[in-house]
Amino acid sequence: MTTPDLYPDAPVPIRPDILAEQMRAWRHIASAGSWFTGAERLAVAAETRAARTCALCASRKAALSPNAVDGGHDHSPSGAKLPAALIEVVHRVTTDPARLSKSWHDGVMADGLDAERYVEAVGVAVHTISLDTFAAGLGLPPRPLPAAQPGAPSGYRPKSAKMAAAWVPLISPGNEDGAEINLYGGMMGAYIQQALTLVPDEQRSWFSLCGAQYMAGSQMRDFSTEPRAITHAQIEFVAGRISALNECRY
Amino acid sequence: MPAGGQLAAFAEALVDGAADVIAEAIRNLRAAVGDDGWVDAAGVAATFNGIDRLADATGIPLEEMKAEASADFRGAIGIEAFADGRG
C-alpha cells in the first residue's frame with residue numbers, strides 16, 4: 001500500500017499527516033513486535049473485526065453480567081492460531097470494555113497469558129479499532145489487512161517496567177532509562193501514556209497515531225492556536241461523547 | 001457549542017455502528033463543519049474509541065489531580081454510575 005492507495009474511495013481529501021501515520025500504523029501492525037510475529041499481530045487485528053459479529057460477545061453484552069454467559073467466541077480463520085485466552089482478551093476489549101475487571105484480567109492471565117503478550121495484544125487491538133473507526137467515520141469499510149511482514153519477535157522487555165498502579169507493569173515517569181529514556185518526550189507521562197509501556201514500541205506507535213488523528217501533546221493545551229478545522233472545544237466535545245458512550249471512567 | 005448536535009450524533013453513530021445511522025450523521029456533520037472539520041472529527045472519534053479501551057484494559061487509575069479537578073461534576077454527569085472493574 002502506498003499513501004494514496006489507503007483511501008482510494010475517500011469522498012474528501014484526508015490530511016496528509018493522518019494518511020502518513022495510518023500507513024505507518026498498518027505497517028507497525030503487520031510487522032513482528034516484541035512478543036508476536038507479524039502474522040500473529042494481524043490475527044489479533046482480524047479478531048477485533050470478528051468480535052463485532054461474535055454471537056457470544058453479543059450475548060454477553062446484553063447480559064446483566066458478562067460472566068453469566070458461557071460459550072466459545074466466533075473467531076476469524078487466522079484466529080485459529082491464537083490461544084483461547086488471547087481471543088477472549090481481544091473480543092472483550094473490543095465489545096465490552098467498560099466491564100473489564102481485575103478478576104477477569106487475573107483469569108485470562110491464569111489461563112496462560114503473560115503480561116507482555118497481553119499488553120502487546122491490547123496495543124494491536126486499539127490500533128486496529130481506531131483505524132477502523134476512522135474509516136467508518138468517513139462512511140467507508142475497514143481497510144483490507146496488509147500482508148504480514150517477515151521477522152521474529154524481539155523479546156524485548158524494558159527493565160524499568162514495574163508493577164505499580166495498574167493491572168500491568170508500567171514505566172513510571174522519572175524511571176525511564178536505556179532505550180526508553182525519551183519515552184515521554186513532549187508528553188506529561190499520564191497513566192494513559194504509561195499504559196502500553198511494558199511494550200515500548202506499542203506506546204510509541206499509538207501516541208504517534210494519536211498525534212495526527214487527535215492532537216500532539218503540545219497542541220492540547222495551547223489554546224492560542226487551533227490546529228484543526230474544528231476547535232479545541234469541539235474536539236474535546238467529540239472525545240467526551242465517545243468516552244461517555246464507552247462508559248470509560250478514565 | 002457550535003455544531004454540538006451534529007458532533008454528538010456523529011459520535012453516537014460511530015459507537016452504535018449501524019451504517020444507515022452513520023451515513024445520516026455524516027451528512028448532517030458535513031453540512032455543519034465542512035469537509036475538513038468532518039475528517040478531523042473522525043480522527044478524534046477514532047482516537048478515543050481506542051484510548052477508552054486502552055484505559056479499561058490495563059486498569060490504570062485516574063490521576064489524583066484529575067479526580068480532584070473533576071470531583072464536582074463527575075457525579076452530576078453520570079460518570080460515577082459507570083461500571084468500575086478496577087477493584
# chains A, B, ... in the order shown; residues from 1 in each chain; ligands from 1

$ residues_around --residues "Gly79 (chain A)" --least-positions-apart "5" --cutoff "12 Å" --atoms "only C-alpha atoms" --output "list of chain:residue names"
A:Ala39, A:Glu40, A:Arg41, A:Leu42, A:Ala43, A:Val44, A:Ala45, A:Ala46, A:Glu47, A:Thr48, A:Arg49, A:Ala50, A:Ala51, A:His73, A:Asp74, A:Ala84, A:Ala85, A:Leu86, A:Ile87, A:Glu88, A:Val90, A:His91

$ residues_around --residues "Ile22 (chain B)" --least-positions-apart "5" --cutoff "12 Å" --atoms "only C-alpha atoms" --output "list in words"
Thr133, Phe134, Ala135, Ala136, Gly137, Leu138, Gly139, Leu140 and Pro141 of chain A; Gln6, Leu7, Ala8, Ala9, Phe10, Ala11, Glu12, Ala13, Leu14, Val15, Asp16, Gly17, Arg27, Asn28, Leu29, Arg30 and Ala42 of chain B

$ residues_around --residues "region 21-37 of chain A" --least-positions-apart "4" --cutoff "10 Å" --atoms "only C-alpha atoms" --output "ChimeraX atom specification"
/A:1-6,16-17,41-45,116-121,123-125,127-128,130-131,134,143,145-157,198-202,205-206,208-213

$ interface_residues --of "chain A" --to "chain B" --cutoff "8 Å" --atoms "only C-alpha atoms" --output "PyMOL selection string"
chain A and resi 12-15+93-94+97-102+119+122-123+126-127+129-134+136-139+165-168+190-192+195+210+212-214+228-230+233-235+237-239+241-250

$ residues_around --residues "region 68-70 of chain A" --least-positions-apart "5" --cutoff "8 Å" --atoms "only C-alpha atoms" --output "NGL selection string"
:A and (56 or 59-60 or 63)

$ atom_distance --atom1 "CA of Gln203 (chain A)" --atom2 "CA of Pro144 (chain A)"
23.7 Å

$ select_by_dssp --residues "chain B" --states "helix (DSSP H, G or I)" --output "compact mmCIF listing (two decimals) with all heavy atoms, in the first residue's frame"
# COMPACT_ATOMS: atom_id res chain seq x y z
N GLY B 4 -22.78 21.37 17.97
CA GLY B 4 -22.77 20.36 19.04
C GLY B 4 -23.68 19.19 18.76
O GLY B 4 -23.30 18.03 19.00
N GLY B 5 -24.87 19.45 18.28
CA GLY B 5 -25.80 18.36 17.99
C GLY B 5 -25.28 17.42 16.92
O GLY B 5 -25.37 16.19 17.05
N GLN B 6 -24.69 17.99 15.89
CA GLN B 6 -24.17 17.16 14.80
C GLN B 6 -22.94 16.37 15.24
O GLN B 6 -22.74 15.22 14.85
CB GLN B 6 -23.82 18.04 13.60
CG GLN B 6 -25.03 18.67 12.92
CD GLN B 6 -25.40 20.04 13.51
OE1 GLN B 6 -24.99 20.39 14.63
NE2 GLN B 6 -26.19 20.81 12.77
N LEU B 7 -22.09 17.01 16.05
CA LEU B 7 -20.90 16.31 16.55
C LEU B 7 -21.29 15.16 17.48
O LEU B 7 -20.73 14.06 17.41
CB LEU B 7 -19.97 17.29 17.27
CG LEU B 7 -19.25 18.31 16.37
CD1 LEU B 7 -18.69 19.46 17.21
CD2 LEU B 7 -18.14 17.65 15.57
N ALA B 8 -22.24 15.42 18.36
CA ALA B 8 -22.69 14.37 19.28
C ALA B 8 -23.33 13.21 18.51
O ALA B 8 -23.06 12.03 18.79
CB ALA B 8 -23.68 14.95 20.29
N ALA B 9 -24.17 13.55 17.53
CA ALA B 9 -24.83 12.49 16.75
C ALA B 9 -23.81 11.66 15.97
O ALA B 9 -23.97 10.44 15.81
CB ALA B 9 -25.85 13.11 15.80
N PHE B 10 -22.78 12.31 15.50
CA PHE B 10 -21.71 11.61 14.78
C PHE B 10 -21.01 10.61 15.72
O PHE B 10 -20.81 9.44 15.36
CB PHE B 10 -20.72 12.64 14.24
CG PHE B 10 -19.56 12.09 13.45
CD1 PHE B 10 -19.76 11.45 12.24
CD2 PHE B 10 -18.26 12.24 13.93
CE1 PHE B 10 -18.68 10.96 11.51
CE2 PHE B 10 -17.18 11.76 13.20
CZ PHE B 10 -17.39 11.11 11.99
N ALA B 11 -20.65 11.07 16.90
CA ALA B 11 -20.00 10.18 17.88
C ALA B 11 -20.92 9.02 18.24
O ALA B 11 -20.49 7.86 18.30
CB ALA B 11 -19.63 10.98 19.13
N GLU B 12 -22.17 9.32 18.47
CA GLU B 12 -23.14 8.27 18.84
C GLU B 12 -23.30 7.26 17.71
O GLU B 12 -23.38 6.05 17.96
CB GLU B 12 -24.48 8.93 19.20
CG GLU B 12 -24.40 9.69 20.51
CD GLU B 12 -25.45 10.79 20.64
OE1 GLU B 12 -26.38 10.84 19.80
OE2 GLU B 12 -25.32 11.62 21.57
N ALA B 13 -23.33 7.74 16.48
CA ALA B 13 -23.48 6.83 15.33
C ALA B 13 -22.28 5.89 15.21
O ALA B 13 -22.44 4.70 14.92
CB ALA B 13 -23.64 7.64 14.05
N LEU B 14 -21.08 6.43 15.45
CA LEU B 14 -19.89 5.59 15.32
C LEU B 14 -19.83 4.51 16.39
O LEU B 14 -19.40 3.39 16.14
CB LEU B 14 -18.62 6.45 15.37
CG LEU B 14 -18.37 7.27 14.10
CD1 LEU B 14 -17.14 8.16 14.28
CD2 LEU B 14 -18.18 6.35 12.90
N VAL B 15 -20.27 4.83 17.59
CA VAL B 15 -20.28 3.82 18.65
C VAL B 15 -21.40 2.81 18.39
O VAL B 15 -21.24 1.62 18.61
CB VAL B 15 -20.41 4.48 20.03
CG1 VAL B 15 -20.59 3.42 21.12
CG2 VAL B 15 -19.16 5.31 20.34
N ASP B 16 -22.53 3.30 17.88
CA ASP B 16 -23.66 2.42 17.55
C ASP B 16 -23.29 1.48 16.41
O ASP B 16 -23.57 0.30 16.45
CB ASP B 16 -24.87 3.27 17.16
CG ASP B 16 -26.05 2.43 16.70
OD1 ASP B 16 -26.75 1.90 17.56
OD2 ASP B 16 -26.24 2.28 15.46
N ALA B 19 -24.75 1.30 9.71
CA ALA B 19 -24.30 2.05 8.54
C ALA B 19 -25.25 3.18 8.17
O ALA B 19 -24.81 4.28 7.80
CB ALA B 19 -24.12 1.10 7.36
N ASP B 20 -26.56 2.94 8.26
CA ASP B 20 -27.50 3.99 7.87
C ASP B 20 -27.48 5.15 8.86
O ASP B 20 -27.63 6.32 8.47
CB ASP B 20 -28.92 3.43 7.72
CG ASP B 20 -29.41 2.74 8.98
OD1 ASP B 20 -28.59 2.32 9.81
OD2 ASP B 20 -30.65 2.63 9.15
N VAL B 21 -27.29 4.83 10.12
CA VAL B 21 -27.20 5.88 11.15
C VAL B 21 -25.93 6.71 10.94
O VAL B 21 -25.94 7.95 11.03
CB VAL B 21 -27.23 5.26 12.56
CG1 VAL B 21 -27.08 6.34 13.64
CG2 VAL B 21 -28.51 4.47 12.77
N ILE B 22 -24.84 6.03 10.65
CA ILE B 22 -23.57 6.73 10.39
C ILE B 22 -23.72 7.63 9.16
O ILE B 22 -23.27 8.80 9.17
CB ILE B 22 -22.41 5.73 10.20
CG1 ILE B 22 -22.12 4.99 11.51
CG2 ILE B 22 -21.16 6.45 9.71
CD1 ILE B 22 -21.09 3.87 11.37
N ALA B 23 -24.34 7.12 8.11
CA ALA B 23 -24.47 7.90 6.88
C ALA B 23 -25.25 9.19 7.12
O ALA B 23 -24.88 10.26 6.62
CB ALA B 23 -25.15 7.05 5.80
N GLU B 24 -26.33 9.10 7.89
CA GLU B 24 -27.13 10.30 8.17
C GLU B 24 -26.33 11.28 9.03
O GLU B 24 -26.35 12.50 8.79
CB GLU B 24 -28.43 9.93 8.87
CG GLU B 24 -29.30 11.16 9.14
CD GLU B 24 -30.61 10.82 9.82
OE1 GLU B 24 -30.90 9.63 10.02
OE2 GLU B 24 -31.35 11.77 10.16
N ALA B 25 -25.62 10.75 10.02
CA ALA B 25 -24.81 11.62 10.89
C ALA B 25 -23.72 12.33 10.09
O ALA B 25 -23.43 13.51 10.33
CB ALA B 25 -24.21 10.79 12.02
N ILE B 26 -23.13 11.62 9.15
CA ILE B 26 -22.10 12.23 8.30
C ILE B 26 -22.69 13.37 7.47
O ILE B 26 -22.10 14.45 7.37
CB ILE B 26 -21.44 11.16 7.39
CG1 ILE B 26 -20.52 10.25 8.21
CG2 ILE B 26 -20.66 11.82 6.26
CD1 ILE B 26 -19.97 9.06 7.43
N ARG B 27 -23.83 13.12 6.87
CA ARG B 27 -24.46 14.18 6.05
C ARG B 27 -24.67 15.45 6.88
O ARG B 27 -24.36 16.56 6.45
CB ARG B 27 -25.80 13.68 5.49
CG ARG B 27 -25.69 12.83 4.25
CD ARG B 27 -27.04 12.66 3.56
NE ARG B 27 -28.03 11.99 4.41
CZ ARG B 27 -28.16 10.66 4.52
NH1 ARG B 27 -27.36 9.86 3.82
NH2 ARG B 27 -29.08 10.13 5.30
N ASN B 28 -25.20 15.27 8.06
CA ASN B 28 -25.51 16.43 8.90
C ASN B 28 -24.23 17.12 9.40
O ASN B 28 -24.16 18.34 9.46
CB ASN B 28 -26.38 16.00 10.08
CG ASN B 28 -27.75 15.53 9.62
OD1 ASN B 28 -28.25 15.98 8.58
ND2 ASN B 28 -28.37 14.63 10.38
N LEU B 29 -23.25 16.31 9.78
CA LEU B 29 -21.99 16.89 10.29
C LEU B 29 -21.25 17.64 9.18
O LEU B 29 -20.74 18.74 9.39
CB LEU B 29 -21.09 15.79 10.86
CG LEU B 29 -19.75 16.28 11.41
CD1 LEU B 29 -19.96 17.21 12.60
CD2 LEU B 29 -18.87 15.10 11.81
N ARG B 30 -21.22 17.05 8.02
CA ARG B 30 -20.52 17.67 6.88
C ARG B 30 -21.14 19.02 6.55
O ARG B 30 -20.42 20.00 6.26
CB ARG B 30 -20.62 16.72 5.69
CG ARG B 30 -19.66 16.97 4.58
CD ARG B 30 -19.75 15.86 3.55
NE ARG B 30 -18.87 16.07 2.44
CZ ARG B 30 -18.78 15.27 1.39
NH1 ARG B 30 -19.54 14.18 1.33
NH2 ARG B 30 -17.94 15.53 0.41
N ALA B 31 -22.45 19.10 6.62
CA ALA B 31 -23.13 20.37 6.34
C ALA B 31 -22.80 21.41 7.42
O ALA B 31 -22.76 22.61 7.15
CB ALA B 31 -24.64 20.14 6.27
N ALA B 32 -22.54 20.93 8.63
CA ALA B 32 -22.32 21.86 9.74
C ALA B 32 -20.88 22.34 9.87
O ALA B 32 -20.63 23.50 10.20
CB ALA B 32 -22.74 21.18 11.06
N VAL B 33 -19.90 21.46 9.63
CA VAL B 33 -18.50 21.83 9.89
C VAL B 33 -17.62 21.75 8.65
O VAL B 33 -16.42 22.06 8.73
CB VAL B 33 -17.88 20.96 11.03
CG1 VAL B 33 -18.66 21.13 12.31
CG2 VAL B 33 -17.80 19.49 10.62
N GLY B 34 -18.17 21.34 7.52
CA GLY B 34 -17.37 21.26 6.31
C GLY B 34 -16.57 19.97 6.23
O GLY B 34 -16.51 19.18 7.17
N ASP B 35 -15.93 19.79 5.08
CA ASP B 35 -15.21 18.53 4.85
C ASP B 35 -14.01 18.36 5.78
O ASP B 35 -13.77 17.28 6.33
CB ASP B 35 -14.75 18.47 3.39
CG ASP B 35 -15.91 18.25 2.43
OD1 ASP B 35 -17.04 17.98 2.90
OD2 ASP B 35 -15.68 18.37 1.21
N ASP B 36 -13.23 19.42 5.97
CA ASP B 36 -12.05 19.30 6.83
C ASP B 36 -12.45 19.05 8.29
O ASP B 36 -11.81 18.27 9.00
CB ASP B 36 -11.19 20.57 6.74
CG ASP B 36 -10.50 20.70 5.39
OD1 ASP B 36 -10.50 19.71 4.62
OD2 ASP B 36 -9.96 21.78 5.10
N GLY B 37 -13.51 19.74 8.73
CA GLY B 37 -13.99 19.52 10.10
C GLY B 37 -14.51 18.11 10.30
O GLY B 37 -14.30 17.49 11.35
N TRP B 38 -15.16 17.57 9.30
CA TRP B 38 -15.66 16.19 9.34
C TRP B 38 -14.48 15.21 9.49
O TRP B 38 -14.51 14.31 10.35
CB TRP B 38 -16.46 15.92 8.08
CG TRP B 38 -16.78 14.50 7.75
CD1 TRP B 38 -17.03 13.48 8.64
CD2 TRP B 38 -16.88 13.93 6.45
NE1 TRP B 38 -17.29 12.31 7.97
CE2 TRP B 38 -17.22 12.56 6.63
CE3 TRP B 38 -16.76 14.43 5.17
CZ2 TRP B 38 -17.40 11.70 5.53
CZ3 TRP B 38 -16.96 13.58 4.09
CH2 TRP B 38 -17.27 12.23 4.28
N VAL B 39 -13.45 15.37 8.67
CA VAL B 39 -12.29 14.48 8.75
C VAL B 39 -11.63 14.59 10.14
O VAL B 39 -11.26 13.57 10.75
CB VAL B 39 -11.27 14.80 7.64
CG1 VAL B 39 -9.97 14.03 7.85
CG2 VAL B 39 -11.87 14.49 6.27
N ASP B 40 -11.52 15.81 10.64
CA ASP B 40 -10.91 15.98 11.96
C ASP B 40 -11.76 15.34 13.05
O ASP B 40 -11.23 14.73 13.99
CB ASP B 40 -10.71 17.47 12.25
CG ASP B 40 -9.55 18.06 11.45
OD1 ASP B 40 -8.75 17.28 10.90
OD2 ASP B 40 -9.45 19.30 11.38
N ALA B 41 -13.08 15.46 12.95
CA ALA B 41 -13.95 14.82 13.93
C ALA B 41 -13.82 13.30 13.87
O ALA B 41 -13.83 12.63 14.92
CB ALA B 41 -15.40 15.25 13.69
N ALA B 42 -13.67 12.76 12.67
CA ALA B 42 -13.47 11.32 12.53
C ALA B 42 -12.17 10.89 13.21
O ALA B 42 -12.10 9.83 13.85
CB ALA B 42 -13.47 10.93 11.06
N GLY B 43 -11.14 11.71 13.08
CA GLY B 43 -9.86 11.40 13.72
C GLY B 43 -9.97 11.39 15.24
O GLY B 43 -9.41 10.52 15.92
N VAL B 44 -10.68 12.35 15.78
CA VAL B 44 -10.85 12.42 17.24
C VAL B 44 -11.66 11.22 17.74
O VAL B 44 -11.29 10.57 18.72
CB VAL B 44 -11.54 13.74 17.63
CG1 VAL B 44 -11.83 13.77 19.13
CG2 VAL B 44 -10.68 14.93 17.24
N ALA B 45 -12.75 10.93 17.06
CA ALA B 45 -13.57 9.78 17.45
C ALA B 45 -12.76 8.49 17.38
O ALA B 45 -12.84 7.64 18.28
CB ALA B 45 -14.80 9.69 16.55
N ALA B 46 -11.98 8.35 16.33
CA ALA B 46 -11.15 7.16 16.18
C ALA B 46 -10.15 7.03 17.32
O ALA B 46 -9.93 5.95 17.86
CB ALA B 46 -10.41 7.22 14.84
N THR B 47 -9.56 8.14 17.70
CA THR B 47 -8.57 8.12 18.78
C THR B 47 -9.20 7.69 20.09
O THR B 47 -8.67 6.81 20.78
CB THR B 47 -7.95 9.52 18.92
OG1 THR B 47 -7.34 9.88 17.69
CG2 THR B 47 -6.92 9.55 20.04
N PHE B 48 -10.33 8.27 20.43
CA PHE B 48 -10.90 7.98 21.76
C PHE B 48 -11.62 6.64 21.79
O PHE B 48 -11.75 6.05 22.87
CB PHE B 48 -11.75 9.15 22.24
CG PHE B 48 -10.85 10.24 22.75
CD1 PHE B 48 -10.25 11.14 21.87
CD2 PHE B 48 -10.52 10.31 24.09
CE1 PHE B 48 -9.35 12.09 22.33
CE2 PHE B 48 -9.62 11.26 24.55
CZ PHE B 48 -9.03 12.15 23.67
N ASN B 49 -12.04 6.12 20.66
CA ASN B 49 -12.58 4.77 20.66
C ASN B 49 -11.47 3.76 20.97
O ASN B 49 -11.74 2.67 21.46
CB ASN B 49 -13.22 4.45 19.30
CG ASN B 49 -14.50 3.66 19.42
OD1 ASN B 49 -15.09 3.57 20.50
ND2 ASN B 49 -14.93 3.08 18.33
N GLY B 50 -10.23 4.13 20.71
CA GLY B 50 -9.10 3.29 21.12
C GLY B 50 -8.63 3.60 22.53
O GLY B 50 -8.41 2.69 23.33
N ILE B 51 -8.50 4.85 22.86
CA ILE B 51 -7.97 5.24 24.17
C ILE B 51 -8.83 4.71 25.31
O ILE B 51 -8.33 4.24 26.33
CB ILE B 51 -7.82 6.78 24.25
CG1 ILE B 51 -6.50 7.19 23.60
CG2 ILE B 51 -7.89 7.28 25.70
CD1 ILE B 51 -6.17 8.67 23.70
N ASP B 52 -10.15 4.78 25.14
CA ASP B 52 -11.04 4.28 26.19
C ASP B 52 -10.75 2.81 26.48
O ASP B 52 -10.70 2.39 27.65
CB ASP B 52 -12.50 4.44 25.76
CG ASP B 52 -12.91 5.90 25.61
OD1 ASP B 52 -12.21 6.77 26.14
OD2 ASP B 52 -13.92 6.14 24.93
N ARG B 53 -10.57 2.04 25.43
CA ARG B 53 -10.31 0.61 25.61
C ARG B 53 -8.93 0.36 26.21
O ARG B 53 -8.74 -0.57 27.00
CB ARG B 53 -10.46 -0.10 24.26
CG ARG B 53 -11.90 -0.21 23.83
CD ARG B 53 -12.05 -0.68 22.39
NE ARG B 53 -13.44 -1.03 22.08
CZ ARG B 53 -14.39 -0.15 21.81
NH1 ARG B 53 -14.09 1.14 21.74
NH2 ARG B 53 -15.63 -0.54 21.58
N LEU B 54 -7.99 1.19 25.83
CA LEU B 54 -6.64 1.07 26.41
C LEU B 54 -6.69 1.30 27.92
O LEU B 54 -6.09 0.54 28.70
CB LEU B 54 -5.72 2.08 25.73
CG LEU B 54 -4.30 2.20 26.25
CD1 LEU B 54 -3.60 0.85 26.24
CD2 LEU B 54 -3.52 3.22 25.42
N ALA B 55 -7.41 2.33 28.34
CA ALA B 55 -7.53 2.61 29.77
C ALA B 55 -8.23 1.46 30.49
O ALA B 55 -7.78 1.00 31.55
CB ALA B 55 -8.30 3.91 29.98
N ASP B 56 -9.32 0.98 29.92
CA ASP B 56 -10.10 -0.07 30.59
C ASP B 56 -9.34 -1.39 30.63
O ASP B 56 -9.47 -2.16 31.58
CB ASP B 56 -11.44 -0.27 29.86
CG ASP B 56 -12.40 0.88 30.12
OD1 ASP B 56 -12.28 1.55 31.16
OD2 ASP B 56 -13.30 1.10 29.27
N ALA B 57 -8.57 -1.70 29.59
CA ALA B 57 -7.90 -3.00 29.50
C ALA B 57 -6.66 -3.09 30.38
O ALA B 57 -6.20 -4.19 30.68
CB ALA B 57 -7.51 -3.29 28.05
N THR B 58 -6.10 -1.96 30.75
CA THR B 58 -4.87 -2.00 31.54
C THR B 58 -5.10 -1.64 33.01
O THR B 58 -4.18 -1.72 33.82
CB THR B 58 -3.81 -1.05 30.94
OG1 THR B 58 -4.37 0.26 30.80
CG2 THR B 58 -3.33 -1.55 29.58
N GLU B 64 -4.82 11.54 40.66
CA GLU B 64 -5.46 12.28 41.77
C GLU B 64 -5.80 13.70 41.36
O GLU B 64 -6.87 14.22 41.69
CB GLU B 64 -4.53 12.30 42.99
CG GLU B 64 -4.55 11.00 43.78
CD GLU B 64 -3.72 11.12 45.05
OE1 GLU B 64 -3.54 12.25 45.54
OE2 GLU B 64 -3.25 10.07 45.53
N MET B 65 -4.88 14.33 40.63
CA MET B 65 -5.11 15.71 40.22
C MET B 65 -6.37 15.82 39.35
O MET B 65 -7.18 16.73 39.54
CB MET B 65 -3.89 16.21 39.43
CG MET B 65 -3.99 17.63 38.91
SD MET B 65 -2.56 18.06 37.89
CE MET B 65 -2.83 17.05 36.45
N LYS B 66 -6.55 14.86 38.45
CA LYS B 66 -7.73 14.89 37.58
C LYS B 66 -8.99 14.54 38.37
O LYS B 66 -10.06 15.10 38.12
CB LYS B 66 -7.55 13.93 36.41
CG LYS B 66 -6.47 14.34 35.43
CD LYS B 66 -6.31 13.30 34.33
CE LYS B 66 -5.15 13.64 33.42
NZ LYS B 66 -4.87 12.58 32.43
N ALA B 67 -8.85 13.61 39.31
CA ALA B 67 -10.02 13.24 40.12
C ALA B 67 -10.49 14.43 40.95
O ALA B 67 -11.70 14.69 41.05
CB ALA B 67 -9.66 12.07 41.02
N GLU B 68 -9.53 15.15 41.53
CA GLU B 68 -9.91 16.33 42.33
C GLU B 68 -10.53 17.41 41.46
O GLU B 68 -11.53 18.03 41.82
CB GLU B 68 -8.67 16.87 43.06
CG GLU B 68 -8.19 15.97 44.19
CD GLU B 68 -6.86 16.43 44.76
OE1 GLU B 68 -6.39 17.52 44.40
OE2 GLU B 68 -6.29 15.66 45.57
N ALA B 69 -9.93 17.62 40.29
CA ALA B 69 -10.42 18.68 39.41
C ALA B 69 -11.81 18.39 38.87
O ALA B 69 -12.56 19.30 38.52
CB ALA B 69 -9.44 18.89 38.26
N SER B 70 -12.16 17.10 38.79
CA SER B 70 -13.46 16.74 38.20
C SER B 70 -14.46 16.27 39.25
O SER B 70 -15.57 15.86 38.91
CB SER B 70 -13.25 15.64 37.15
OG SER B 70 -12.67 14.49 37.74
N ALA B 71 -14.07 16.33 40.52
CA ALA B 71 -14.92 15.78 41.59
C ALA B 71 -16.30 16.41 41.62
O ALA B 71 -17.30 15.73 41.90
CB ALA B 71 -14.23 15.95 42.94
N ASP B 72 -16.38 17.70 41.32
CA ASP B 72 -17.67 18.39 41.46
C ASP B 72 -18.63 18.12 40.32
O ASP B 72 -19.80 18.47 40.40
CB ASP B 72 -17.44 19.90 41.62
CG ASP B 72 -16.72 20.51 40.44
OD1 ASP B 72 -16.08 19.75 39.68
OD2 ASP B 72 -16.77 21.74 40.28
N PHE B 73 -18.16 17.50 39.25
CA PHE B 73 -19.11 17.25 38.16
C PHE B 73 -19.17 15.80 37.70
O PHE B 73 -20.03 15.43 36.91
CB PHE B 73 -18.84 18.18 36.97
CG PHE B 73 -17.50 18.01 36.30
CD1 PHE B 73 -17.30 17.00 35.37
CD2 PHE B 73 -16.45 18.87 36.60
CE1 PHE B 73 -16.07 16.85 34.74
CE2 PHE B 73 -15.22 18.72 35.97
CZ PHE B 73 -15.03 17.71 35.04
N ARG B 74 -18.27 14.95 38.20
CA ARG B 74 -18.29 13.55 37.75
C ARG B 74 -19.61 12.87 38.11
O ARG B 74 -20.19 12.13 37.32
CB ARG B 74 -17.11 12.77 38.33
CG ARG B 74 -15.77 13.21 37.78
CD ARG B 74 -14.62 12.47 38.46
NE ARG B 74 -14.59 11.05 38.14
CZ ARG B 74 -14.03 10.55 37.04
NH1 ARG B 74 -13.47 11.34 36.16
NH2 ARG B 74 -14.03 9.25 36.81
N ILE B 79 -20.73 9.99 35.45
CA ILE B 79 -19.53 9.15 35.30
C ILE B 79 -19.42 8.13 36.43
O ILE B 79 -19.03 6.99 36.22
CB ILE B 79 -18.26 10.03 35.24
CG1 ILE B 79 -18.28 10.88 33.97
CG2 ILE B 79 -17.01 9.17 35.29
CD1 ILE B 79 -17.13 11.87 33.87
N GLU B 80 -19.82 8.54 37.65
CA GLU B 80 -19.67 7.64 38.79
C GLU B 80 -20.60 6.42 38.68
O GLU B 80 -20.43 5.44 39.41
CB GLU B 80 -19.93 8.39 40.10
CG GLU B 80 -18.96 9.55 40.35
CD GLU B 80 -17.49 9.13 40.36
OE1 GLU B 80 -17.21 7.93 40.44
OE2 GLU B 80 -16.63 10.02 40.28
N ALA B 81 -21.59 6.51 37.80
CA ALA B 81 -22.50 5.37 37.63
C ALA B 81 -21.97 4.34 36.65
O ALA B 81 -22.52 3.25 36.52
CB ALA B 81 -23.87 5.87 37.14

$ closest_residue --among "A:Asp177, A:Glu226, A:Gly189, A:Pro83" --to "Val108 (chain A)" --atoms "only C-alpha atoms"
A:Pro83

$ residues_around --residues "Ala161 (chain A)" --least-positions-apart "3" --cutoff "8 Å" --atoms "only C-alpha atoms" --output "count of residues only"
8

$ atom_distance --atom1 "CA of Met188 (chain A)" --atom2 "CA of Gln219 (chain A)"
12.6 Å

$ atom_distance --atom1 "CA of Ala20 (chain A)" --atom2 "CA of Gly178 (chain A)"
28.3 Å
